[in-house]
Each structure stands twice: as structure tokens, then as C-alpha cells.
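Below is input-v3.cif, which holds mmCIF, C-alpha atoms.
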data_query
#
loop_
_atom_site.label_atom_id
_atom_site.label_comp_id
_atom_site.auth_asym_id
_atom_site.auth_seq_id
_atom_site.Cartn_x
_atom_site.Cartn_y
_atom_site.Cartn_z
CA MET P 1 1.61 11.64 34.27
CA ASN P 2 1.45 10.86 30.56
CA LEU P 3 5.13 11.80 30.22
CA ASN P 4 6.12 9.34 32.96
CA ILE P 5 4.09 6.57 31.32
CA ALA P 6 5.79 7.28 27.99
CA ARG P 7 9.23 7.14 29.62
CA MET P 8 8.43 3.86 31.37
CA ALA P 9 7.13 2.37 28.12
CA LYS P 10 10.29 3.45 26.29
CA LYS P 11 12.55 1.93 28.96
CA SER P 12 10.61 -1.35 29.10
CA ALA P 13 10.34 -1.76 25.30
CA PRO P 14 13.66 -3.70 24.89
CA PHE P 15 12.73 -6.10 27.73
CA LEU P 16 9.24 -6.61 26.29
CA SER P 17 10.53 -7.35 22.79
CA GLY P 18 13.18 -9.68 24.22
CA GLY P 19 10.57 -11.53 26.28
CA LEU P 20 8.30 -11.93 23.25
CA ALA P 21 11.22 -13.27 21.20
CA MET P 22 12.00 -15.85 23.89
CA LEU P 23 8.35 -16.93 24.09
CA LEU P 24 8.22 -17.29 20.30
CA ALA P 25 11.40 -19.37 20.29
CA ALA P 26 10.02 -21.61 23.03
CA ALA P 27 6.76 -22.09 21.12
CA ILE P 28 8.64 -23.02 17.94
CA ILE P 29 10.80 -25.53 19.82
CA SER P 30 7.73 -27.11 21.41
CA SER P 31 6.05 -27.71 18.04
CA PRO P 32 8.77 -27.77 15.37
CA GLU P 33 6.83 -29.68 12.71
CA SER P 34 3.84 -27.32 12.58
CA SER P 35 6.15 -24.29 12.72
CA PHE P 36 8.18 -25.67 9.82
CA ASN P 37 5.06 -26.26 7.70
CA ALA P 38 3.80 -22.75 8.52
CA SER P 39 7.12 -21.21 7.54
CA LEU P 40 7.00 -23.08 4.23
CA GLN P 41 3.50 -21.70 3.66
CA GLY P 42 4.74 -18.15 4.31
CA LEU P 43 7.76 -18.68 2.06
CA LYS P 44 5.56 -19.94 -0.77
CA LEU P 45 3.24 -16.97 -0.38
CA TRP P 46 6.16 -14.53 -0.53
CA TRP P 47 7.90 -16.20 -3.47
CA THR P 48 4.81 -16.81 -5.62
CA LEU P 49 2.98 -13.53 -4.96
CA VAL P 50 4.79 -10.73 -3.16
CA PHE P 51 8.23 -10.92 -4.77
CA PRO P 52 7.24 -11.09 -8.47
CA ALA P 53 4.41 -8.56 -7.99
CA LEU P 54 6.50 -5.88 -6.26
CA MET P 55 10.00 -6.30 -7.72
CA PRO P 56 9.52 -4.45 -11.04
CA PHE P 57 7.46 -1.64 -9.52
CA LEU P 58 9.92 -0.89 -6.73
CA MET P 59 12.85 -0.89 -9.16
CA LEU P 60 10.95 1.39 -11.52
CA SER P 61 10.09 3.78 -8.71
CA GLU P 62 13.69 3.96 -7.50
CA MET P 63 15.04 4.69 -10.99
CA LEU P 64 12.34 7.20 -11.94
CA SER P 65 12.82 9.04 -8.67
CA ALA P 66 16.55 9.37 -9.29
CA SER P 67 15.97 10.50 -12.89
CA GLY P 68 13.72 13.38 -11.79
CA PHE P 69 10.54 12.03 -13.39
CA VAL P 70 8.80 11.75 -10.03
CA HIS P 71 9.60 15.38 -9.23
CA ALA P 72 8.25 16.55 -12.60
CA ILE P 73 5.01 14.64 -12.02
CA GLY P 74 4.94 16.14 -8.54
CA VAL P 75 4.87 19.68 -9.92
CA LEU P 76 1.94 18.79 -12.17
CA LEU P 77 0.05 17.08 -9.31
CA GLU P 78 0.76 19.81 -6.78
CA PRO P 79 -2.67 21.54 -6.93
CA LEU P 80 -4.52 18.28 -6.21
CA THR P 81 -2.29 16.86 -3.50
CA ARG P 82 -2.01 20.17 -1.63
CA LEU P 83 -5.74 20.84 -1.65
CA VAL P 84 -7.12 17.34 -1.03
CA PHE P 85 -4.41 15.54 0.95
CA ARG P 86 -2.35 18.51 2.21
CA LEU P 87 0.86 16.96 0.91
CA PRO P 88 3.53 18.12 -1.59
CA GLY P 89 2.98 17.40 -5.26
CA SER P 90 5.58 14.62 -5.35
CA ALA P 91 3.24 12.60 -3.12
CA GLY P 92 0.98 12.11 -6.15
CA TRP P 93 3.43 9.71 -7.78
CA THR P 94 3.71 7.72 -4.54
CA LEU P 95 -0.09 7.54 -4.34
CA ALA P 96 -0.30 6.04 -7.83
CA LEU P 97 2.59 3.69 -6.96
CA GLY P 98 0.87 2.43 -3.81
CA MET P 99 -2.46 1.89 -5.55
CA THR P 100 -0.94 -0.16 -8.37
CA SER P 101 1.94 -2.01 -6.67
CA GLY P 102 0.64 -2.60 -3.14
CA PHE P 103 2.39 -2.48 0.21
CA PRO P 104 5.14 -1.84 1.09
CA GLY P 105 5.56 0.01 -2.23
CA GLY P 106 3.81 3.13 -0.93
CA ALA P 107 5.96 3.17 2.21
CA GLN P 108 9.09 2.74 0.10
CA GLY P 109 8.06 5.72 -2.04
CA ALA P 110 7.38 7.82 1.06
CA ALA P 111 10.78 6.85 2.49
CA GLN P 112 12.46 7.95 -0.76
CA LEU P 113 10.81 11.37 -0.59
CA TYR P 114 11.79 11.71 3.07
CA ARG P 115 15.43 10.87 2.33
CA GLN P 116 15.43 13.48 -0.44
CA GLY P 117 14.01 16.12 1.91
CA GLU P 118 10.76 16.51 -0.04
CA ILE P 119 8.50 15.73 2.95
CA SER P 120 8.72 15.94 6.74
CA ASP P 121 8.49 13.02 9.16
CA ARG P 122 4.80 13.68 9.86
CA GLU P 123 4.04 13.98 6.16
CA ALA P 124 5.90 10.70 5.57
CA GLY P 125 3.61 8.98 8.09
CA ARG P 126 0.44 10.40 6.51
CA LEU P 127 1.65 9.62 3.00
CA ALA P 128 2.53 6.03 3.95
CA SER P 129 -0.92 5.58 5.48
CA LEU P 130 -2.59 7.09 2.40
CA THR P 131 -0.66 4.86 -0.01
CA HIS P 132 -0.96 1.60 1.99
CA PHE P 133 -3.05 -0.43 -0.47
CA ALA P 134 -3.22 -4.13 -1.18
CA SER P 135 -1.79 -5.09 -4.54
CA PRO P 136 -4.25 -5.45 -7.44
CA VAL P 137 -2.57 -8.81 -8.04
CA THR P 138 -3.76 -9.92 -4.61
CA LEU P 139 -7.34 -8.79 -5.15
CA LEU P 140 -7.79 -9.76 -8.81
CA ILE P 141 -5.81 -12.99 -9.07
CA VAL P 142 -5.53 -14.39 -5.54
CA VAL P 143 -8.78 -13.28 -3.87
CA GLY P 144 -11.02 -12.88 -6.92
CA ALA P 145 -10.03 -15.60 -9.38
CA SER P 146 -8.44 -18.16 -7.06
CA MET P 147 -10.33 -17.87 -3.75
CA LEU P 148 -13.77 -16.59 -4.77
CA HIS P 149 -13.65 -18.10 -8.29
CA SER P 150 -15.02 -14.80 -9.58
CA PRO P 151 -12.83 -12.22 -11.35
CA ALA P 152 -15.77 -9.81 -11.15
CA ALA P 153 -15.63 -10.05 -7.35
CA GLY P 154 -11.94 -9.14 -7.50
CA TYR P 155 -12.63 -6.01 -9.54
CA GLY P 156 -15.46 -5.01 -7.21
CA LEU P 157 -13.32 -5.45 -4.12
CA LEU P 158 -10.48 -3.50 -5.76
CA ALA P 159 -12.76 -0.54 -6.55
CA VAL P 160 -14.12 -0.48 -2.99
CA HIS P 161 -10.59 -0.87 -1.59
CA TRP P 162 -9.33 2.16 -3.54
CA LEU P 163 -12.35 4.33 -2.66
CA ALA P 164 -12.10 3.44 1.03
CA GLY P 165 -8.36 4.17 1.07
CA LEU P 166 -8.79 7.59 -0.52
CA ALA P 167 -11.67 8.40 1.86
CA SER P 168 -9.59 7.44 4.90
CA GLY P 169 -6.65 9.47 3.57
CA MET P 170 -8.84 12.55 3.16
CA THR P 171 -10.22 12.04 6.67
CA VAL P 172 -6.76 11.77 8.24
CA SER P 173 -5.50 14.80 6.27
CA ALA P 174 -8.48 17.00 7.16
CA ARG P 175 -6.84 18.39 10.30
CA ALA P 176 -3.33 18.62 8.90
CA SER P 177 -1.82 21.92 7.82
CA ARG P 178 -0.95 22.46 4.18
CA PRO P 179 2.71 22.09 3.18
CA ALA P 180 4.74 25.28 3.09
CA GLU P 181 4.79 27.27 -0.11
CA ALA P 182 7.91 28.74 -1.67
CA ALA P 183 10.45 30.09 0.79
CA SER P 184 10.10 33.76 -0.19
CA PRO P 185 7.39 35.92 -1.81
CA ALA P 186 9.74 36.77 -4.68
CA LYS P 187 10.34 33.07 -5.37
CA ALA P 188 6.63 32.32 -5.17
CA SER P 189 5.85 35.17 -7.58
CA ALA P 190 8.49 33.95 -10.01
CA GLY P 191 7.04 30.44 -9.77
CA ARG P 192 3.58 31.71 -10.66
CA ARG P 193 4.93 33.57 -13.70
CA THR P 194 6.68 30.43 -14.98
CA SER P 195 4.53 27.98 -16.89
CA LEU P 196 3.71 24.68 -15.23
CA ILE P 197 5.49 22.64 -17.92
CA ARG P 198 8.70 24.64 -17.51
CA ARG P 199 8.54 24.23 -13.75
CA ALA P 200 8.14 20.48 -14.18
CA ILE P 201 11.14 20.27 -16.53
CA SER P 202 13.22 22.42 -14.17
CA ALA P 203 12.29 20.24 -11.19
CA ALA P 204 13.31 17.10 -13.08
CA ALA P 205 16.65 18.62 -14.10
CA ASP P 206 17.40 19.78 -10.55
CA ALA P 207 16.57 16.37 -9.07
CA ARG P 208 18.74 14.57 -11.63
CA ALA P 209 21.63 16.95 -10.92
CA ARG P 210 21.31 16.38 -7.17
CA ASP P 211 21.36 12.60 -7.61
CA GLY P 212 24.24 12.47 -10.08
CA ARG P 213 24.51 8.67 -10.35
CA SER P 214 25.36 6.99 -13.63
CA PHE P 215 22.86 4.59 -15.17
CA GLY P 216 24.90 1.51 -14.27
CA ARG P 217 25.29 2.53 -10.65
CA LEU P 218 21.64 3.55 -10.45
CA LEU P 219 20.50 0.18 -11.83
CA GLY P 220 22.69 -1.77 -9.42
CA GLU P 221 21.63 0.23 -6.37
CA SER P 222 17.97 0.03 -7.39
CA VAL P 223 18.16 -3.77 -7.56
CA SER P 224 20.00 -3.90 -4.23
CA ALA P 225 17.51 -1.62 -2.43
CA THR P 226 14.51 -3.43 -3.89
CA VAL P 227 15.77 -6.91 -2.98
CA GLN P 228 16.59 -5.71 0.55
CA CYS P 229 13.08 -4.31 0.97
CA LEU P 230 11.48 -7.50 -0.37
CA MET P 231 13.66 -9.74 1.80
CA LEU P 232 12.44 -7.77 4.81
CA ALA P 233 8.84 -8.28 3.67
CA GLY P 234 9.48 -12.01 3.20
CA GLY P 235 10.88 -12.34 6.71
CA TYR P 236 7.80 -10.69 8.18
CA ILE P 237 5.42 -12.92 6.21
CA ILE P 238 7.23 -16.13 7.21
CA ILE P 239 7.43 -15.28 10.91
CA PHE P 240 3.78 -14.19 11.02
CA ALA P 241 2.73 -17.44 9.35
CA VAL P 242 4.49 -19.26 12.19
CA VAL P 243 2.87 -16.99 14.81
CA ILE P 244 -0.60 -17.68 13.38
CA SER P 245 0.09 -21.40 13.47
CA ILE P 246 1.24 -21.20 17.11
CA ILE P 247 -1.77 -19.13 18.21
CA SER P 248 -4.16 -21.53 16.46
CA GLY P 249 -2.52 -24.44 18.24
CA LEU P 250 -2.53 -22.84 21.69
CA TRP P 251 -6.06 -21.42 21.47
CA PRO P 252 -8.06 -23.59 19.06
CA GLN P 253 -11.30 -22.05 20.34
CA LEU P 254 -10.39 -18.75 18.65
CA PRO P 255 -11.82 -18.36 15.13
CA ALA P 256 -9.00 -19.09 12.70
CA ALA P 257 -10.28 -16.45 10.27
CA LEU P 258 -10.20 -13.75 12.97
CA THR P 259 -6.62 -14.53 14.01
CA SER P 260 -5.35 -14.73 10.44
CA ALA P 261 -7.15 -11.57 9.26
CA LEU P 262 -5.84 -9.61 12.25
CA LEU P 263 -2.24 -10.63 11.67
CA GLU P 264 -1.67 -11.32 7.92
CA LEU P 265 -3.75 -10.27 4.93
CA HIS P 266 -3.25 -13.17 2.51
CA LEU P 267 -3.70 -15.90 5.10
CA GLY P 268 -6.66 -13.99 6.54
CA ALA P 269 -8.35 -13.72 3.14
CA GLN P 270 -7.80 -17.43 2.60
CA SER P 271 -9.36 -18.26 5.99
CA LEU P 272 -12.33 -15.94 5.42
CA THR P 273 -13.10 -17.27 1.94
CA SER P 274 -12.73 -20.92 2.92
CA GLY P 275 -14.40 -20.65 6.31
CA THR P 276 -17.40 -18.37 5.79
CA MET P 277 -17.96 -18.46 2.05
CA PRO P 278 -18.77 -21.62 0.15
CA SER P 279 -16.34 -22.51 -2.61
CA GLY P 280 -17.30 -21.10 -5.95
CA SER P 281 -19.90 -18.74 -4.49
CA GLY P 282 -18.13 -15.50 -5.39
CA LEU P 283 -20.42 -12.52 -4.99
CA SER P 284 -23.41 -14.73 -4.26
CA SER P 285 -22.15 -14.95 -0.68
CA GLY P 286 -24.00 -12.78 1.79
CA PRO P 287 -23.22 -9.06 2.02
CA LEU P 288 -21.90 -9.39 5.57
CA GLU P 289 -19.33 -12.04 4.58
CA LEU P 290 -18.08 -9.98 1.64
CA ALA P 291 -18.00 -6.82 3.79
CA LEU P 292 -15.90 -8.61 6.43
CA LEU P 293 -13.48 -9.72 3.73
CA SER P 294 -13.30 -6.18 2.34
CA GLY P 295 -12.74 -4.74 5.82
CA ALA P 296 -9.95 -7.23 6.50
CA ILE P 297 -8.25 -6.23 3.24
CA GLY P 298 -8.48 -2.57 4.25
CA TRP P 299 -6.97 -3.35 7.67
CA SER P 300 -4.22 -5.31 5.82
CA GLY P 301 -2.94 -7.15 8.89
CA ILE P 302 -0.33 -6.26 11.49
CA CYS P 303 2.31 -8.02 9.37
CA ALA P 304 1.92 -5.58 6.46
CA GLN P 305 1.75 -2.63 8.84
CA LEU P 306 5.05 -3.57 10.46
CA GLN P 307 6.61 -4.02 7.01
CA ALA P 308 5.69 -0.43 6.15
CA LEU P 309 6.95 0.90 9.48
CA ALA P 310 10.25 -0.96 9.08
CA VAL P 311 10.80 0.81 5.73
CA LEU P 312 9.88 4.14 7.37
CA LYS P 313 12.11 3.68 10.42
CA PRO P 314 14.41 6.64 9.51
CA ALA P 315 11.35 8.94 9.59
CA GLY P 316 10.35 7.76 13.06
CA VAL P 317 6.74 6.99 12.11
CA ARG P 318 4.75 5.72 15.12
CA TYR P 319 2.62 2.59 15.00
CA LEU P 320 -0.61 3.71 16.69
CA PRO P 321 -1.44 6.60 14.29
CA PHE P 322 -0.59 4.35 11.36
CA ALA P 323 -2.77 1.53 12.71
CA ALA P 324 -5.60 4.02 13.28
CA GLY P 325 -5.47 4.89 9.58
CA ARG P 326 -5.62 1.19 8.71
CA LEU P 327 -8.61 0.72 11.02
CA LEU P 328 -10.34 3.67 9.36
CA HIS P 329 -9.60 2.20 5.93
CA GLY P 330 -11.09 -1.13 6.97
CA GLY P 331 -14.19 0.55 8.43
CA TYR P 332 -14.82 2.54 5.25
CA ALA P 333 -14.33 -0.62 3.15
CA PHE P 334 -16.81 -2.55 5.30
CA ILE P 335 -19.48 0.17 5.00
CA LEU P 336 -18.95 0.76 1.26
CA THR P 337 -19.19 -2.96 0.52
CA LEU P 338 -22.53 -3.14 2.31
CA LEU P 339 -23.79 -0.05 0.43
CA PHE P 340 -22.61 -1.24 -2.99
CA TYR P 341 -23.38 -4.92 -2.56
CA LYS P 342 -26.30 -4.96 -5.00
CA PRO P 343 -24.42 -3.08 -7.77
CA LEU P 344 -21.47 -5.43 -7.22
CA THR P 345 -23.74 -8.44 -7.49
CA ALA P 346 -25.19 -7.09 -10.74
CA PHE P 347 -21.68 -6.66 -12.13
CA GLN P 348 -21.51 -9.57 -14.58
CA GLU P 349 -18.36 -11.40 -15.59
CA SER P 350 -19.35 -11.03 -19.22
CA ALA P 351 -18.15 -7.42 -18.98
CA LEU P 352 -14.65 -8.70 -18.20
CA PRO P 353 -13.68 -10.92 -21.16
CA VAL P 354 -9.99 -10.95 -20.32
CA LEU P 355 -10.35 -12.71 -16.97
CA ALA P 356 -13.88 -14.11 -17.03
CA GLY P 357 -14.14 -17.73 -16.02
CA ARG P 358 -10.46 -18.01 -15.23
CA GLU P 359 -9.57 -19.90 -12.02
CA MET P 360 -6.08 -20.34 -10.65
CA ASN P 361 -4.32 -22.53 -8.14
CA LEU P 362 -1.40 -20.55 -6.78
CA THR P 363 1.38 -23.08 -7.20
CA VAL P 364 4.98 -21.93 -7.45
CA THR P 365 5.14 -21.98 -11.24
CA SER P 366 1.59 -21.01 -12.14
CA GLY P 367 1.48 -18.18 -9.57
CA ILE P 368 4.63 -16.49 -10.87
CA ALA P 369 3.60 -17.04 -14.50
CA ALA P 370 0.15 -15.55 -13.86
CA ILE P 371 1.60 -12.47 -12.19
CA TRP P 372 4.19 -11.82 -14.92
CA HIS P 373 1.50 -12.37 -17.54
CA TYR P 374 -0.58 -9.71 -15.78
CA PHE P 375 2.34 -7.25 -15.45
CA PRO P 376 1.57 -5.23 -18.66
CA LYS P 377 -1.98 -4.69 -17.39
CA LEU P 378 -0.58 -3.42 -14.06
CA VAL P 379 1.70 -0.98 -15.88
CA ALA P 380 -1.25 0.24 -17.96
CA MET P 381 -3.30 0.58 -14.75
CA HIS P 382 -0.50 2.63 -13.19
CA LEU P 383 -0.32 4.96 -16.19
CA LEU P 384 -4.11 5.31 -16.22
CA MET P 385 -4.06 6.18 -12.51
CA LEU P 386 -1.44 8.85 -13.15
CA LEU P 387 -3.48 10.26 -16.03
CA ILE P 388 -6.61 10.47 -13.87
CA LEU P 389 -4.67 12.23 -11.10
CA LEU P 390 -3.18 14.67 -13.62
CA LEU P 391 -6.62 15.49 -15.03
CA LEU P 392 -8.01 16.03 -11.54
CA SER P 393 -5.05 18.24 -10.70
CA ALA P 394 -5.60 20.29 -13.87
CA ALA P 395 -9.28 20.68 -12.97
CA VAL P 396 -8.37 21.88 -9.47
CA ARG P 397 -5.83 24.34 -10.88
CA LEU P 398 -8.38 25.69 -13.35
CA ALA P 399 -11.04 26.04 -10.63
CA LEU P 400 -8.62 27.93 -8.38
CA ALA P 401 -7.63 30.23 -11.24
CA ILE P 402 -11.28 31.02 -12.04
CA ARG P 403 -11.96 31.64 -8.36
CA GLY P 404 -8.98 33.98 -8.13
CA ARG P 405 -10.10 36.01 -11.16
CA SER P 406 -13.65 36.34 -9.82
CA ARG P 407 -12.26 37.98 -6.70
#

Let's see the structure in the file written out as C-alpha cells.
Amino acid sequence: MNLNIARMAKKSAPFLSGGLAMLLAAAIISSPESSFNASLQGLKLWWTLVFPALMPFLMLSEMLSASGFVHAIGVLLEPLTRLVFRLPGSAGWTLALGMTSGFPGGAQGAAQLYRQGEISDREAGRLASLTHFASPVTLLIVVGASMLHSPAAGYGLLAVHWLAGLASGMTVSARASRPAEAASPAKASAGRRTSLIRRAISAAADARARDGRSFGRLLGESVSATVQCLMLAGGYIIIFAVVISIISGLWPQLPAALTSALLELHLGAQSLTSGTMPSGSGLSSGPLELALLSGAIGWSGICAQLQALAVLKPAGVRYLPFAAGRLLHGGYAFILTLLFYKPLTAFQESALPVLAGREMNLTVTSGIAAIWHYFPKLVAMHLLMLLILLLLSAAVRLALAIRGRSR
């Protein structure tokens, strides 16, 4: 019975997508002016926020992966990622990338590892779900400083967002089997006798030899792949801005914040902060309002989810398991925000001298300038995240060694 339903759904999928495309075209033709304004809003959002925030990180990830650096870090992170998330060590770099660059950076990193044969299709889906985080630029600059007029609120939401994402990743990975060890006992024994540093250097050298591209070719292909990925993300954001505008026009009785938060993160956050939270209130808004905003950020919107799945199309990642992980992330974020509301309220802006009291209007020039000004801090945040993961991995390796000796 379930097999027949799956076959019927697969056969009807092209007709369903074609019908939806025709309905969308008809809705745009019926209200061209509002659709045009919505598309401009989506274009501005992509150009002032998504493109400058993700471009350098995606290029850096592509080049470091080809150089073997990611594989060396993967060897060092292997104890942590295998034990906690049941993924290969190279997933640790992608985790740090997703936390500090935002979606679809994590999905792009997972797709790279899948193309290189480092992870399976199921592991690619779990890794993409684990690394699907909103960009710190979005939470600190757009939501915190610009929408809530409180940089402290941005930092609080970012901390909750990261904790909820890691908790949902651990929950999803709890039932998964651990990745396979070395192919043969002799190889595994030799790997244990070799020091971890030498294994990391050897993994980097092997990965670089397998890639074999010159620096000029690598740079050009990195730019090309990154721009292609970001153009895809821009197309999704623009079309979803139009869809939100059409739905709001057809069903004005629906809450605008609910529709926007369900479909697109940035527009949803803007609707939630302007509709339920008074301007300038920041963390003084009620705990339920802030928890709803945090949950919407964890859900990330169908637009961002489809962006990630489009990048992961070669791995055949399915939507429903991925969306379930997003729903779990949003639920954890909602609960953690309610639990930590008082500590977040007590978190004073005076502890954040770099951003305290700074408000921004995200115009084309000021938005890009603010993001590029913040880029060194994002790089430092990425390096700090890697260092924390490496220390945790070393602690796990030491604990396992002590446990093995006690036996």
C-alpha cells in the first residue's frame, strides 16, 4: 500500500510542480505591481545580506577543501564527530563552516564531502541538517542591531540558535550507526600506531594529490562554484518574496508574520519584530514573543530549506527528514529561549562595547559596508569555533584512551 502511494506520488510530481508554476504565473500576471515590488525586496535582501556574507566563506571552504586542509582537520576532529554526531571527522570542518557562515554554506560543505566520497548520501543529509544554521550576520546585525535595536539580543539569540542546532543534531544522530572504521584490521592497527599529527598531514597530502588542480584553476573554479550557488540562493529568495506577497494579497486574514516566518527567514523575522514587538524594545519584549522569533530562526523557512536541498540534489536528500530536523531545531530554540529568558534579559549591552548602541538601516550601501566591516570578526569566530571543537575532540580522545587502559 505504501509502495503504491509512493509510486503514484512520484508519477504525479511533474504534473503537480507544473500546475503550481502555472498558478504562480497567473497570480503574478494578475497583480504585476505588487509582485514587482516584492521581487525588488527579495533582490535587495539577497544583494545586501546573503551575497556579501556568504561569498568569502564559500570560496574559502572550496579552496581549503581542495588543498587538503579540511581533511587534516577532519582527522583531528574524528573522535568528537564519530562519538557525538556519528559522522566522519571531516564533518567537523563543515559544522564550523555552517555555524559561522550560515545556510546554504553547510549544505555546500556537505555536498563537497559527498562528491569526494568522504560521506554517504544518508550522512550527507544528516550533516546538512546539523550544519543548517542562520548566519551570525543575520542574527547580530539584521535581527539584533537593526530590527530589535539591541546587539545584546542578537548575541543571545545566536547562542540559543547554536545550542538548539547542536541539540537537534545530537537527537537526529542518536539512532544512526557510526561510520565505518578502516577497511581492514591491519590498516586500523597501523593507523593507531601512527601519531595523530602524522595522520593529519598524510590525509592533507593525499587529498591534495587527488585534487591536483593548480592554484589559478582552483581559484577560478571556486569563484564559479560559489557564484552559481549564491545565484541559486538569490533566485529562491526573490521568488519566495513574490509568493509571500501573493499569499498576503489573496488571504489578508492570515497573520503576515506567520506566512513570512513559515516561508522565508529574513522576511519572517522582519514581520515578527515589527508586528509583535514594539520598536526599540529589544529583550524587554515578552518571553513568548522572543521565543517565537527564536523558533522561527531555527525553522529557517521553506525557502532556505529548498536552497540546501538544491545544493544536495546529487546526494538525493529527501525533504521530509530534512524539514523534521528543522522543526526539531525550532522547537529546541523556542524552549531554550523561554528557559534562558531571564539570563538573556540580564545580559547588558555594556558587556559588548564593540556593537553596543549601534543601530543600522539595511540600505544597499550601508548593509554591504557593515557586513564587510564585520568580516574579520566572523573569521575570528570561525577559528575560535574550530579551536573549541579541536579541544573537545582532544578531550574525547583522552577519555577514550584512559577508558581503554582501565580495561

>> Given the PyMOL selection byres ((chain P and resi 317) around 8) and the file above, list the residues it selects as a ChimeraX atom specification.
In response: /P:121-122,124-125,309,312-313,315-316,318-319,322

> Could you write out as a VMD selection string the residues that the PyMOL selection byres ((chain P and resi 396) around 12) matches in the shown file?
Replying inline: chain P and resid 76 to 84 389 to 395 397 to 403

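Picture a line from CA of Gly234 in chain P to CA of Trp46 in chain P; it runs 5.6 Å.
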
>> Considering all atoms listed in the file, can you say which of P:Ser245, P:Ser173, P:Thr94, P:Ser406 comes closest to Glu33 in chain P?
In response: P:Ser245

>> Show me, as a PyMOL selection string, the residues that have an atom within 9 Å of Gly154 in chain P when counting only C-alpha atoms, minus same-chain residues fewer than 2 positions from it.
In response: chain P and resi 136+138-145+148+150-152+156-159

>> One number please: CA of Arg208 in chain P to CA of His71 in chain P, in Å, one decimal.
In response: 9.5 Å
